[in-house]
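Quick look at upload37.cif (mmCIF, C-alpha atoms):
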```
data_structure
loop_
_atom_site.group_PDB
_atom_site.id
_atom_site.type_symbol
_atom_site.label_atom_id
_atom_site.label_comp_id
_atom_site.auth_asym_id
_atom_site.auth_seq_id
_atom_site.Cartn_x
_atom_site.Cartn_y
_atom_site.Cartn_z
ATOM 1 C CA MET A 15 0.000 0.000 0.000
ATOM 2 C CA VAL A 16 1.347 3.393 -0.935
ATOM 3 C CA ILE A 17 0.119 6.812 0.092
ATOM 4 C CA PHE A 18 0.304 10.015 -1.888
ATOM 5 C CA VAL A 19 -0.203 13.437 -0.303
ATOM 6 C CA ASN A 20 -0.593 16.458 -2.580
ATOM 7 C CA ALA A 21 0.249 14.232 -5.583
ATOM 8 C CA LYS A 22 3.585 13.155 -4.055
ATOM 9 C CA PRO A 23 4.600 9.848 -2.453
ATOM 10 C CA TYR A 24 4.416 9.854 1.358
ATOM 11 C CA LYS A 25 6.809 6.987 2.038
ATOM 12 C CA ASN A 26 6.402 7.066 5.821
ATOM 13 C CA GLY A 27 2.823 5.953 5.257
ATOM 14 C CA TYR A 28 3.635 2.983 3.012
ATOM 15 C CA ARG A 29 2.615 -0.422 4.392
ATOM 16 C CA ARG A 30 3.172 -4.046 3.482
ATOM 17 C CA PHE A 31 0.587 -6.697 4.209
ATOM 18 C CA LYS A 32 1.227 -10.389 4.585
ATOM 19 C CA ILE A 33 -1.856 -12.323 3.607
ATOM 20 C CA LYS A 34 -2.959 -14.240 6.701
ATOM 21 C CA GLU A 35 -6.469 -15.483 6.015
ATOM 22 C CA VAL A 36 -6.524 -16.492 2.333
ATOM 23 C CA GLN A 37 -5.177 -19.822 1.147
ATOM 24 C CA GLY A 38 -3.875 -20.045 -2.406
ATOM 25 C CA VAL A 39 -4.198 -17.274 -4.960
ATOM 26 C CA ASP A 40 -7.530 -15.452 -4.821
ATOM 27 C CA ASP A 41 -7.117 -11.771 -5.718
ATOM 28 C CA TYR A 42 -10.614 -10.798 -4.628
ATOM 29 C CA ALA A 43 -10.347 -12.463 -1.220
ATOM 30 C CA MET A 44 -6.889 -10.931 -0.720
ATOM 31 C CA ILE A 45 -8.207 -7.439 -1.546
ATOM 32 C CA LYS A 46 -11.034 -7.992 0.955
ATOM 33 C CA GLU A 47 -8.600 -9.075 3.673
ATOM 34 C CA ILE A 48 -6.254 -6.138 3.149
ATOM 35 C CA VAL A 49 -9.055 -3.552 2.957
ATOM 36 C CA ARG A 50 -10.699 -5.022 6.082
ATOM 37 C CA ARG A 51 -7.459 -5.067 8.085
ATOM 38 C CA ARG A 52 -6.300 -1.613 6.996
ATOM 39 C CA TYR A 53 -9.517 0.332 7.382
ATOM 40 C CA ALA A 54 -10.855 -1.523 10.439
ATOM 41 C CA SER A 55 -7.718 -0.440 12.288
ATOM 42 C CA LEU A 56 -8.046 3.173 11.100
ATOM 43 C CA VAL A 57 -11.705 3.279 12.163
ATOM 44 C CA GLU A 58 -10.976 1.602 15.496
ATOM 45 C CA GLU A 59 -8.107 3.988 16.298
ATOM 46 C CA LYS A 60 -10.091 6.991 15.007
ATOM 47 C CA MET A 61 -7.287 7.813 12.564
ATOM 48 C CA PRO A 62 -7.769 10.069 9.534
ATOM 49 C CA LEU A 63 -9.162 8.329 6.475
ATOM 50 C CA PRO A 64 -7.887 8.918 2.937
ATOM 51 C CA ASP A 65 -9.619 11.234 0.517
ATOM 52 C CA LEU A 66 -9.622 8.481 -2.116
ATOM 53 C CA ILE A 67 -8.725 4.790 -2.247
ATOM 54 C CA ILE A 68 -7.352 3.501 -5.548
ATOM 55 C CA ILE A 69 -7.414 -0.249 -6.086
ATOM 56 C CA ASP A 70 -5.082 -1.875 -8.593
ATOM 57 C CA GLY A 71 -7.403 -4.007 -10.684
ATOM 58 C CA GLY A 72 -10.710 -4.054 -12.447
ATOM 59 C CA LYS A 73 -14.391 -4.120 -11.634
ATOM 60 C CA GLY A 74 -14.206 -7.301 -9.519
ATOM 61 C CA HIS A 75 -11.361 -5.935 -7.400
ATOM 62 C CA LEU A 76 -13.317 -2.712 -6.877
ATOM 63 C CA SER A 77 -16.445 -4.650 -5.863
ATOM 64 C CA SER A 78 -14.451 -6.665 -3.320
ATOM 65 C CA ALA A 79 -12.924 -3.535 -1.777
ATOM 66 C CA LYS A 80 -16.274 -1.700 -1.754
ATOM 67 C CA GLU A 81 -17.992 -4.656 -0.078
ATOM 68 C CA GLU A 82 -15.500 -4.566 2.810
ATOM 69 C CA LEU A 83 -15.660 -0.778 3.137
ATOM 70 C CA ASP A 84 -19.457 -0.983 3.329
ATOM 71 C CA LYS A 85 -19.227 -3.631 6.085
ATOM 72 C CA LEU A 86 -16.970 -1.265 8.044
ATOM 73 C CA GLY A 87 -19.536 1.529 7.794
ATOM 74 C CA LEU A 88 -17.482 3.404 5.204
ATOM 75 C CA LYS A 89 -20.195 3.419 2.518
ATOM 76 C CA ASP A 90 -19.353 6.985 1.468
ATOM 77 C CA MET A 91 -15.592 6.407 1.189
ATOM 78 C CA PRO A 92 -14.491 7.388 -2.345
ATOM 79 C CA VAL A 93 -12.968 4.348 -4.022
ATOM 80 C CA MET A 94 -11.984 3.513 -7.576
ATOM 81 C CA ALA A 95 -9.946 0.921 -9.471
ATOM 82 C CA ILE A 96 -7.629 1.121 -12.444
ATOM 83 C CA ALA A 97 -7.257 -1.851 -14.773
ATOM 84 C CA LYS A 98 -3.803 -1.959 -16.345
ATOM 85 C CA GLU A 99 -4.664 -3.525 -19.704
ATOM 86 C CA PHE A 100 -6.626 -0.585 -21.107
ATOM 87 C CA GLU A 101 -6.078 1.918 -18.265
ATOM 88 C CA HIS A 102 -9.814 1.881 -17.598
ATOM 89 C CA VAL A 103 -11.014 3.498 -14.395
ATOM 90 C CA PHE A 104 -13.875 1.836 -12.535
ATOM 91 C CA VAL A 105 -16.076 3.484 -9.926
ATOM 92 C CA PRO A 106 -18.960 2.041 -7.887
ATOM 93 C CA GLN A 107 -22.504 2.267 -9.271
ATOM 94 C CA ARG A 108 -21.287 2.656 -12.827
ATOM 95 C CA GLU A 109 -21.495 -0.294 -15.206
ATOM 96 C CA THR A 110 -19.017 0.951 -17.786
ATOM 97 C CA PRO A 111 -15.468 2.092 -17.103
ATOM 98 C CA ILE A 112 -14.311 5.669 -17.383
ATOM 99 C CA LYS A 113 -11.876 6.082 -20.260
ATOM 100 C CA LEU A 114 -9.694 9.075 -19.504
ATOM 101 C CA PRO A 115 -7.816 10.630 -22.429
ATOM 102 C CA PRO A 116 -4.225 9.307 -22.667
ATOM 103 C CA ASN A 117 -2.843 12.815 -22.096
ATOM 104 C CA SER A 118 -5.042 13.437 -19.034
ATOM 105 C CA MET A 119 -3.199 14.684 -15.937
ATOM 106 C CA ALA A 120 -5.691 12.753 -13.777
ATOM 107 C CA LEU A 121 -4.827 9.511 -15.595
ATOM 108 C CA TYR A 122 -1.131 10.304 -15.296
ATOM 109 C CA LEU A 123 -1.440 10.735 -11.501
ATOM 110 C CA ILE A 124 -3.478 7.554 -11.109
ATOM 111 C CA GLN A 125 -0.887 5.645 -13.170
ATOM 112 C CA ARG A 126 1.968 7.079 -11.084
ATOM 113 C CA ILE A 127 0.276 5.931 -7.882
ATOM 114 C CA ARG A 128 -0.417 2.468 -9.309
ATOM 115 C CA ASP A 129 3.146 2.155 -10.685
ATOM 116 C CA GLU A 130 4.619 3.208 -7.329
ATOM 117 C CA ALA A 131 2.523 0.535 -5.611
ATOM 118 C CA HIS A 132 3.890 -2.027 -8.109
ATOM 119 C CA ARG A 133 7.476 -0.858 -7.570
ATOM 120 C CA PHE A 134 7.062 -1.041 -3.796
ATOM 121 C CA ALA A 135 5.536 -4.529 -3.949
ATOM 122 C CA ILE A 136 8.125 -5.887 -6.395
ATOM 123 C CA ASP A 137 10.975 -4.508 -4.272
ATOM 124 C CA TYR A 138 9.507 -6.204 -1.192
ATOM 125 C CA HIS A 139 9.024 -9.553 -2.944
ATOM 126 C CA THR A 140 12.546 -9.416 -4.381
ATOM 127 C CA ARG A 141 14.003 -8.797 -0.914
ATOM 128 C CA LEU A 142 11.869 -11.586 0.578
ATOM 129 C CA ARG A 143 13.020 -14.059 -2.087
ATOM 130 C CA SER A 144 16.620 -12.969 -1.641
ATOM 131 C CA ARG A 145 16.404 -13.484 2.112
ATOM 132 C CA LEU A 146 14.840 -16.910 1.693
ATOM 133 C CA THR A 147 17.507 -17.948 -0.818
ATOM 134 C CA SER A 148 20.266 -16.490 1.329
ATOM 135 C CA ALA A 149 18.969 -18.122 4.451
ATOM 136 C CA SER A 150 18.687 -21.538 2.863
ATOM 137 C CA MET A 151 22.282 -21.497 1.577
ATOM 138 C CA LEU A 152 23.688 -20.434 4.945
ATOM 139 C CA ASP A 153 21.472 -22.776 6.969
ATOM 140 C CA GLY A 154 23.190 -25.891 8.183
ATOM 141 C CA ILE A 155 26.692 -24.408 8.288
ATOM 142 C CA LYS A 156 28.108 -25.441 11.628
ATOM 143 C CA GLY A 157 28.402 -22.433 13.941
ATOM 144 C CA ILE A 158 26.335 -20.101 11.735
ATOM 145 C CA GLY A 159 23.117 -19.240 13.529
ATOM 146 C CA PRO A 160 20.626 -16.444 12.888
ATOM 147 C CA LYS A 161 22.860 -13.665 14.281
ATOM 148 C CA LYS A 162 25.957 -14.645 12.286
ATOM 149 C CA LYS A 163 23.836 -15.202 9.187
ATOM 150 C CA THR A 164 22.399 -11.695 9.542
ATOM 151 C CA ALA A 165 25.848 -10.239 10.174
ATOM 152 C CA LEU A 166 27.244 -11.906 7.040
ATOM 153 C CA ILE A 167 24.338 -10.770 4.827
ATOM 154 C CA LYS A 168 24.560 -7.226 6.245
ATOM 155 C CA HIS A 169 28.319 -7.075 5.719
ATOM 156 C CA PHE A 170 28.425 -8.584 2.215
ATOM 157 C CA GLY A 171 24.945 -7.843 0.870
ATOM 158 C CA SER A 172 24.328 -11.257 -0.691
ATOM 159 C CA VAL A 173 25.262 -14.915 -0.553
ATOM 160 C CA ASP A 174 27.058 -14.553 -3.899
ATOM 161 C CA ALA A 175 29.291 -11.890 -2.359
ATOM 162 C CA ILE A 176 29.938 -14.159 0.645
ATOM 163 C CA LYS A 177 30.800 -17.023 -1.716
ATOM 164 C CA SER A 178 33.306 -14.933 -3.637
ATOM 165 C CA ALA A 179 34.873 -13.395 -0.493
ATOM 166 C CA ARG A 180 38.321 -14.490 0.609
ATOM 167 C CA LYS A 181 38.697 -15.962 4.072
ATOM 168 C CA SER A 182 40.418 -12.759 5.268
ATOM 169 C CA GLU A 183 37.364 -10.773 4.092
ATOM 170 C CA LEU A 184 34.968 -13.127 5.882
ATOM 171 C CA LEU A 185 36.830 -12.402 9.118
ATOM 172 C CA GLN A 186 35.815 -8.737 8.832
ATOM 173 C CA ALA A 187 32.134 -9.591 9.379
ATOM 174 C CA LYS A 188 30.882 -9.177 12.930
ATOM 175 C CA GLY A 189 31.422 -12.245 15.117
ATOM 176 C CA MET A 190 33.435 -14.240 12.575
ATOM 177 C CA THR A 191 36.353 -16.394 13.702
ATOM 178 C CA GLN A 192 39.007 -18.355 11.768
ATOM 179 C CA LYS A 193 37.098 -21.573 12.418
ATOM 180 C CA LEU A 194 33.745 -20.105 11.253
ATOM 181 C CA ALA A 195 35.353 -18.578 8.151
ATOM 182 C CA ASP A 196 36.751 -22.042 7.302
ATOM 183 C CA GLU A 197 33.295 -23.600 7.761
ATOM 184 C CA VAL A 198 31.628 -20.989 5.547
ATOM 185 C CA LYS A 199 34.234 -21.334 2.786
ATOM 186 C CA ARG A 200 34.027 -25.129 2.913
ATOM 187 C CA ALA A 201 30.199 -25.146 2.781
ATOM 188 C CA LEU A 202 29.799 -22.525 0.044
ATOM 189 C CA ASP A 203 32.661 -23.761 -2.134
ATOM 190 C CA SER A 204 31.274 -27.284 -2.352
#
```

Just give me the structure of the file as structure tokens.
Amino acid sequence: MVIFVNAKPYKNGYRRFKIKEVQGVDDYAMIKEIVRRRYASLVEEKMPLPDLIIIDGGKGHLSSAKEELDKLGLKDMPVMAIAKEFEHVFVPQRETPIKLPPNSMALYLIQRIRDEAHRFAIDYHTRLRSRLTSASMLDGIKGIGPKKKTALIKHFGSVDAIKSARKSELLQAKGMTQKLADEVKRALDS
């Protein structure tokens, strides 16, 4: 989730959501879960609500989000969706999409917000995958627990960099000893 204030990204407000309730891939159910969790907490904590919610998707995604907002008592919350394929904009209570002119500043802003949400999500998923890959390659090395694993990744940035490091370079990472450096080299070189 990204937030824009005065047409500019407000990165302190960005949030990531791990899907907790939905099994498998079900976009509509995932949208419902995220909308419910996000806006239930804002309502409960009496926090300010956005001026507009933009959903990445089409008519079905919009309907799912709107259904959850209605359940939370946010029937009047402005919400819309943008479908990437044709850049159609969907709003509740309208059967046909709004087709903004390609040179429209409104469309440009909506696209920027959607593209920033994509960038933010892709960056997060890339880092998650990298961590999982990194963790699995370092797991099982005798003497390398979670703290040393974190220290190595922080120091070198990636498992590939750890693999290509000389033993003397490994010793520069926090908590590394001669014996641990030998174990890491032996495990990653094989």

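One finds atom CA of Leu83 of chain A at 7.2 Å from atom CA of Val49 of chain A.
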
Which polymer residues have any atom within 12 Å of an atom of segment 102-108 of chain A, counting all atoms listed in the file, with same-chain residues fewer than 3 positions away left out, as a PyMOL selection string? chain A and resi 66-81+83-84+89-99+111-116+120-121+124-125+128

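When the PyMOL selection byres ((chain A and resi 194) around 9) is evaluated against the file, it yields Ile155, Lys156, Gly157, Ile158, Leu184, Leu185, Met190, Thr191, Gln192, Lys193, Ala195, Asp196, Glu197, Val198 and Lys199 of chain A.
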
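Between atom CA of Phe134 of chain A and atom CA of Asp65 of chain A the separation is 21.2 Å.
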
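The two atoms in question, atom CA of Ala21 of chain A and atom CA of Pro62 of chain A, are spaced 17.6 Å apart.
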
Kindly compute an axis-aligned box around the listed atoms of segment 154-157 of chain A, allowing 3 Å on each side, and express its centre and edge lengths in Å to one decimal as lines of an AutoDock Vina configuration file.
```
center_x = 25.8
center_y = -24.2
center_z = 11.1
size_x = 11.2
size_y = 9.5
size_z = 11.8
```

Starting from the PyMOL selection byres ((chain A and resi 31) around 12), expand the selection into actual residues of this file and give them as an MDAnalysis selection string. chainID A and resid 15:16 28:30 32:35 44:45 47:52 134:135 138:139
